[in-house]
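Data block for structure-v2.json (JSON, C-alpha atoms):
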```json
[["chain", "number", "residue", "atom", "x", "y", "z"],
["E", 1, "MET", "CA", 117.41, 68.29, 88.46],
["E", 2, "LYS", "CA", 120.09, 69.72, 86.22],
["E", 3, "LYS", "CA", 121.45, 73.21, 86.77],
["E", 4, "ASP", "CA", 120.36, 74.37, 83.29],
["E", 5, "ARG", "CA", 116.70, 73.53, 83.96],
["E", 6, "LEU", "CA", 116.75, 75.46, 87.23],
["E", 7, "VAL", "CA", 118.39, 78.50, 85.59],
["E", 8, "GLY", "CA", 115.98, 78.35, 82.63],
["E", 9, "PHE", "CA", 112.98, 78.22, 84.95],
["E", 10, "PHE", "CA", 114.40, 81.11, 86.97],
["E", 11, "ASP", "CA", 114.88, 83.20, 83.80],
["E", 12, "GLY", "CA", 111.32, 82.54, 82.66],
["E", 13, "VAL", "CA", 109.77, 83.49, 86.00],
["E", 14, "ILE", "CA", 111.85, 86.68, 86.25],
["E", 15, "ALA", "CA", 110.80, 87.69, 82.71],
["E", 16, "ILE", "CA", 107.13, 87.21, 83.64],
["E", 17, "ILE", "CA", 107.54, 89.17, 86.90],
["E", 18, "ILE", "CA", 109.15, 92.11, 85.07],
["E", 19, "THR", "CA", 106.31, 92.06, 82.53],
["E", 20, "VAL", "CA", 103.68, 92.08, 85.28],
["E", 21, "LEU", "CA", 105.60, 94.85, 87.04],
["E", 22, "VAL", "CA", 105.41, 97.18, 84.04],
["E", 23, "LEU", "CA", 101.74, 96.34, 83.47],
["E", 24, "GLU", "CA", 100.99, 97.68, 86.95],
["E", 25, "LEU", "CA", 102.11, 101.21, 85.98],
["E", 26, "PRO", "CA", 99.17, 103.61, 85.71],
["E", 27, "LYS", "CA", 98.26, 105.13, 82.39],
["E", 28, "ILE", "CA", 99.30, 108.73, 81.87],
["E", 29, "LYS", "CA", 96.25, 110.97, 81.93],
["E", 30, "GLY", "CA", 97.14, 113.65, 79.43],
["E", 31, "THR", "CA", 99.92, 114.64, 77.08],
["E", 32, "THR", "CA", 101.91, 117.06, 79.22],
["E", 33, "LEU", "CA", 104.96, 116.69, 81.42],
["E", 34, "ALA", "CA", 102.73, 117.53, 84.36],
["E", 35, "ALA", "CA", 100.66, 114.43, 83.56],
["E", 36, "VAL", "CA", 103.81, 112.31, 83.59],
["E", 37, "TRP", "CA", 104.99, 114.00, 86.82],
["E", 38, "GLU", "CA", 101.76, 112.99, 88.57],
["E", 39, "ASN", "CA", 102.91, 109.35, 88.38],
["E", 40, "ARG", "CA", 106.47, 110.02, 89.62],
["E", 41, "VAL", "CA", 106.10, 107.85, 92.72],
["E", 42, "HIS", "CA", 104.83, 104.95, 90.59],
["E", 43, "TYR", "CA", 107.83, 105.34, 88.26],
["E", 44, "PHE", "CA", 110.29, 105.56, 91.15],
["E", 45, "ALA", "CA", 108.86, 102.42, 92.78],
["E", 46, "TYR", "CA", 108.93, 100.65, 89.41],
["E", 47, "ILE", "CA", 112.54, 101.66, 88.70],
["E", 48, "THR", "CA", 113.64, 100.59, 92.18],
["E", 49, "THR", "CA", 112.04, 97.16, 91.80],
["E", 50, "PHE", "CA", 113.27, 96.81, 88.21],
["E", 51, "ILE", "CA", 116.84, 97.50, 89.38],
["E", 52, "LEU", "CA", 116.36, 94.82, 92.05],
["E", 53, "PHE", "CA", 115.49, 92.27, 89.36],
["E", 54, "VAL", "CA", 118.33, 93.31, 87.06],
["E", 55, "ILE", "CA", 120.82, 92.91, 89.91],
["E", 56, "PHE", "CA", 119.20, 89.69, 91.01],
["E", 57, "TRP", "CA", 119.28, 88.23, 87.49],
["E", 58, "ASP", "CA", 122.86, 89.37, 86.86],
["E", 59, "THR", "CA", 124.32, 88.04, 90.13],
["E", 60, "HIS", "CA", 122.31, 84.84, 89.82],
["E", 61, "HIS", "CA", 123.89, 84.14, 86.44],
["E", 62, "MET", "CA", 127.32, 85.17, 87.64],
["E", 63, "ILE", "CA", 127.07, 82.61, 90.44],
["E", 64, "PHE", "CA", 125.30, 79.84, 88.52],
["E", 65, "ASP", "CA", 127.88, 80.04, 85.72],
["E", 66, "LYS", "CA", 130.31, 78.65, 88.32],
["E", 67, "VAL", "CA", 127.91, 76.09, 89.84],
["E", 68, "GLU", "CA", 128.60, 72.46, 89.00],
["E", 69, "LYS", "CA", 126.42, 70.65, 91.55],
["E", 70, "ILE", "CA", 122.96, 71.32, 92.91],
["E", 71, "ASN", "CA", 120.75, 69.32, 95.23],
["E", 72, "SER", "CA", 117.10, 69.30, 96.30],
["E", 73, "LYS", "CA", 117.74, 71.79, 99.12],
["E", 74, "ILE", "CA", 119.14, 74.30, 96.62],
["E", 75, "VAL", "CA", 116.08, 73.82, 94.39],
["E", 76, "LYS", "CA", 113.75, 74.44, 97.37],
["E", 77, "ILE", "CA", 115.61, 77.60, 98.39],
["E", 78, "GLN", "CA", 115.47, 78.80, 94.78],
["E", 79, "MET", "CA", 111.70, 78.21, 94.70],
["E", 80, "LEU", "CA", 111.29, 80.14, 97.97],
["E", 81, "LEU", "CA", 113.24, 83.00, 96.42],
["E", 82, "LEU", "CA", 111.10, 82.92, 93.30],
["E", 83, "PHE", "CA", 107.93, 82.89, 95.42],
["E", 84, "LEU", "CA", 109.11, 86.02, 97.21],
["E", 85, "ASN", "CA", 109.91, 87.60, 93.84],
["E", 86, "THR", "CA", 106.43, 86.92, 92.46],
["E", 87, "LEU", "CA", 104.98, 89.15, 95.18],
["E", 88, "PHE", "CA", 107.06, 92.19, 94.20],
["E", 89, "PRO", "CA", 104.70, 93.55, 91.51],
["E", 90, "TYR", "CA", 101.88, 93.64, 94.06],
["E", 91, "ILE", "CA", 104.04, 95.18, 96.78],
["E", 92, "THR", "CA", 105.53, 97.72, 94.36],
["E", 93, "LEU", "CA", 102.04, 98.84, 93.36],
["E", 94, "TRP", "CA", 101.03, 99.08, 97.02],
["E", 95, "VAL", "CA", 104.10, 101.20, 97.81],
["E", 96, "SER", "CA", 103.54, 103.50, 94.83],
["E", 97, "GLU", "CA", 99.94, 104.10, 95.91],
["E", 98, "ASN", "CA", 100.89, 104.68, 99.58],
["E", 99, "PRO", "CA", 104.36, 106.27, 99.56],
["E", 100, "TYR", "CA", 103.93, 107.98, 102.93],
["E", 101, "SER", "CA", 102.68, 104.93, 104.82],
["E", 102, "TYR", "CA", 105.29, 103.63, 107.26],
["E", 103, "LEU", "CA", 103.66, 100.17, 107.31],
["E", 104, "VAL", "CA", 103.64, 99.82, 103.53],
["E", 105, "GLU", "CA", 107.25, 101.00, 103.21],
["E", 106, "CYS", "CA", 108.24, 98.58, 105.99],
["E", 107, "VAL", "CA", 106.71, 95.71, 104.05],
["E", 108, "TYR", "CA", 108.68, 96.69, 100.93],
["E", 109, "ILE", "CA", 111.97, 96.93, 102.86],
["E", 110, "PHE", "CA", 111.15, 93.67, 104.65],
["E", 111, "PHE", "CA", 110.87, 91.99, 101.25],
["E", 112, "LEU", "CA", 114.20, 93.50, 100.14],
["E", 113, "LEU", "CA", 115.77, 92.12, 103.33],
["E", 114, "GLY", "CA", 114.12, 88.77, 102.63],
["E", 115, "GLU", "CA", 115.72, 88.76, 99.17],
["E", 116, "ASN", "CA", 119.15, 89.44, 100.68],
["E", 117, "THR", "CA", 118.76, 86.84, 103.40],
["E", 118, "ILE", "CA", 117.45, 84.04, 101.20],
["E", 119, "TYR", "CA", 119.95, 84.84, 98.46],
["E", 120, "SER", "CA", 122.82, 84.64, 100.97],
["E", 121, "TRP", "CA", 121.41, 81.32, 102.21],
["E", 122, "LEU", "CA", 121.27, 80.06, 98.61],
["E", 123, "CYS", "CA", 124.92, 81.06, 98.04],
["E", 124, "ASN", "CA", 126.02, 79.31, 101.24],
["E", 125, "GLU", "CA", 124.17, 76.14, 100.26],
["E", 126, "LEU", "CA", 125.71, 76.20, 96.77],
["E", 127, "VAL", "CA", 129.18, 76.34, 98.32],
["E", 128, "LYS", "CA", 128.31, 73.55, 100.78],
["E", 129, "ALA", "CA", 127.00, 71.37, 97.94],
["E", 130, "ASP", "CA", 130.30, 71.69, 96.06],
["E", 131, "PRO", "CA", 133.11, 72.49, 98.54],
["E", 132, "GLU", "CA", 135.78, 71.67, 95.94],
["E", 133, "ASN", "CA", 134.55, 74.41, 93.58],
["E", 134, "ILE", "CA", 137.11, 77.19, 94.09],
["E", 135, "LYS", "CA", 135.66, 79.46, 91.37],
["E", 136, "LEU", "CA", 132.25, 79.37, 93.05],
["E", 137, "LYS", "CA", 133.76, 80.19, 96.46],
["E", 138, "LYS", "CA", 135.65, 83.16, 95.03],
["E", 139, "THR", "CA", 132.54, 84.47, 93.31],
["E", 140, "VAL", "CA", 130.39, 84.16, 96.45],
["E", 141, "ILE", "CA", 133.05, 85.83, 98.61],
["E", 142, "SER", "CA", 133.34, 88.71, 96.14],
["E", 143, "LEU", "CA", 129.66, 89.57, 96.68],
["E", 144, "LYS", "CA", 130.22, 91.60, 99.87],
["E", 145, "ARG", "CA", 127.59, 94.10, 98.81],
["E", 146, "HIS", "CA", 124.90, 91.99, 100.50],
["E", 147, "LYS", "CA", 126.21, 93.19, 103.86],
["E", 148, "ILE", "CA", 126.16, 96.86, 102.86],
["E", 149, "THR", "CA", 122.67, 96.67, 101.39],
["E", 150, "THR", "CA", 121.38, 94.82, 104.46],
["E", 151, "ILE", "CA", 122.76, 97.49, 106.81],
["E", 152, "LEU", "CA", 121.20, 100.28, 104.75],
["E", 153, "GLN", "CA", 117.86, 98.51, 104.57],
["E", 154, "ILE", "CA", 117.76, 97.86, 108.31],
["E", 155, "SER", "CA", 118.67, 101.50, 109.01],
["E", 156, "SER", "CA", 115.74, 102.60, 106.84],
["E", 157, "PHE", "CA", 113.30, 101.23, 109.44],
["E", 158, "VAL", "CA", 114.50, 103.90, 111.88],
["E", 159, "ILE", "CA", 114.83, 106.69, 109.28],
["E", 160, "GLY", "CA", 111.37, 105.88, 107.97],
["E", 161, "LEU", "CA", 109.86, 106.91, 111.30],
["E", 162, "PHE", "CA", 110.64, 110.52, 110.31],
["E", 163, "ASN", "CA", 109.56, 110.23, 106.68],
["E", 164, "PRO", "CA", 108.35, 106.88, 105.28],
["E", 165, "MET", "CA", 109.14, 107.90, 101.68],
["E", 166, "LEU", "CA", 112.82, 107.92, 102.69],
["E", 167, "MET", "CA", 112.59, 104.15, 103.08],
["E", 168, "LEU", "CA", 111.95, 103.69, 99.36],
["E", 169, "ILE", "CA", 114.80, 106.11, 98.60],
["E", 170, "ILE", "CA", 117.16, 104.17, 100.88],
["E", 171, "GLY", "CA", 115.98, 100.95, 99.22],
["E", 172, "PHE", "CA", 116.90, 102.50, 95.88],
["E", 173, "ILE", "CA", 120.33, 103.58, 97.17],
["E", 174, "SER", "CA", 120.98, 100.16, 98.68],
["E", 175, "LEU", "CA", 120.30, 98.55, 95.31],
["E", 176, "SER", "CA", 122.30, 101.17, 93.41],
["E", 177, "ILE", "CA", 125.40, 100.16, 95.37],
["E", 178, "TRP", "CA", 125.56, 97.10, 93.14],
["E", 179, "TYR", "CA", 126.48, 99.39, 90.24],
["E", 180, "ILE", "CA", 129.38, 101.10, 92.00],
["E", 181, "PRO", "CA", 132.68, 99.47, 90.99],
["E", 182, "MET", "CA", 134.40, 97.88, 93.95],
["E", 183, "PRO", "CA", 138.15, 97.41, 94.22],
["E", 184, "LYS", "CA", 139.36, 93.96, 93.30],
["E", 185, "LEU", "CA", 139.80, 91.66, 96.23],
["E", 186, "LYS", "CA", 143.25, 90.53, 97.14],
["E", 187, "LYS", "CA", 143.96, 86.98, 96.09],
["E", 188, "ARG", "CA", 143.22, 84.53, 98.85],
["E", 189, "ASN", "CA", 144.49, 81.04, 99.20],
["E", 190, "PHE", "CA", 141.61, 78.64, 98.88],
["E", 191, "LYS", "CA", 142.46, 75.18, 100.06],
["E", 192, "LYS", "CA", 140.53, 72.19, 98.89],
["E", 193, "HIS", "CA", 138.80, 70.37, 101.71]]
```
Please render this file's structure as structure tokens.
Amino acid sequence: MKKDRLVGFFDGVIAIIITVLVLELPKIKGTTLAAVWENRVHYFAYITTFILFVIFWDTHHMIFDKVEKINSKIVKIQMLLLFLNTLFPYITLWVSENPYSYLVECVYIFFLLGENTIYSWLCNELVKADPENIKLKKTVISLKRHKITTILQISSFVIGLFNPMLMLIIGFISLSIWYIPMPKLKKRNFKKH
């Protein structure tokens, strides 16, 4: 399979997921700000998941712009990632309807961790498939935010014992980190293998 077909398929699935995500928002019952405020948890869960997909789409393109070679293992990992993504509209709705349930919040954070883990695996396999690709290596190395978001998400399991809603807030913060400018990395010497 060519890289462009995989990226095109990815883009299409993400567009559908985002559409389904917004369709899950409840209708506003009334014409006042109070009526809008009643759905605040739904909006917060939606925004958090939407940010996840924006980050995911952006970093995916940043990496795949540098990719020159893919193999069947990369395609399978990508499909696993897309499968996980297709469940997010359902999980987001569940979270927004049960914001104070520790179990429900744990499932949401577990899925965020799954995204990080599988995405890191995908990046490692992309580098393995094309070890001569210095631009790809530099791009993957520059994505250190995975570690920070993973630590925050894991810590939310403990914090959530005190207030489960804090788990969604920490999930939001962990995703927001992707929008904080990071200092440029020092140039490293990358040797061709």
Surrounding residues of region 148-160 of chain E excluding itself and chain neighbours under 4 positions, 10 Å, all atoms listed in the file, as a ChimeraX atom specification:
/E:100-103,105-106,109-110,112-117,144,164-178
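Note that CA of Asp11 (chain E) and CA of Asn85 (chain E) are 12.0 Å apart.
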Residue neighbourhood Val13 (chain E), 10 Å, all atoms listed in the file, exclusion window fewer than 6 positions, as a list in words
Val7, Thr19, Leu82, Phe83, Asn85 and Thr86 of chain E
Hey, what's within 10 Å of region 50-66 of chain E if we count all atoms listed in the file and toss same-chain stuff fewer than 4 positions away? As JSON, numbers by chain, please?
{"E": [3, 4, 6, 7, 10, 11, 14, 15, 17, 18, 21, 22, 44, 45, 46, 70, 85, 88, 89, 92, 112, 115, 116, 119, 123, 126, 133, 134, 135, 136, 137, 138, 139, 140, 143, 171, 172, 174, 175, 176, 178, 179]}
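Among E:Phe162, E:Val20, E:Lys76, E:Tyr108, the residue with the shortest atom-to-atom distance to Met1 (chain E), counting all atoms listed in the file, is E:Lys76.
The two atoms in question, CA of Glu125 (chain E) and CA of Thr48 (chain E), are spaced 27.8 Å apart.
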For the atom pair CA of Lys69 (chain E) and CA of Phe111 (chain E), what is the interatomic distance in Å to one decimal place?
28.1 Å
Between E:Val107, E:Ile77, E:Ile91, E:Leu84, which is the closest to Ser120 (chain E) once you count all atoms listed in the file?
E:Ile77
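Minimum distance to Trp121 (chain E) across E:Arg145, E:Lys73, E:Arg40, E:Arg5 (counting all atoms listed in the file) occurs at E:Lys73.
Comparing E:Ile16, E:Ser72, E:Ser96, E:Leu81 by their smallest distance to Glu38 (chain E), the closest is E:Ser96 (using only C-alpha atoms).
For the set E:Ile47, E:Pro26, E:Glu68, E:Leu80, the residue with the smallest atom-to-atom gap to Glu132 (chain E) is E:Glu68, counting only C-alpha atoms.
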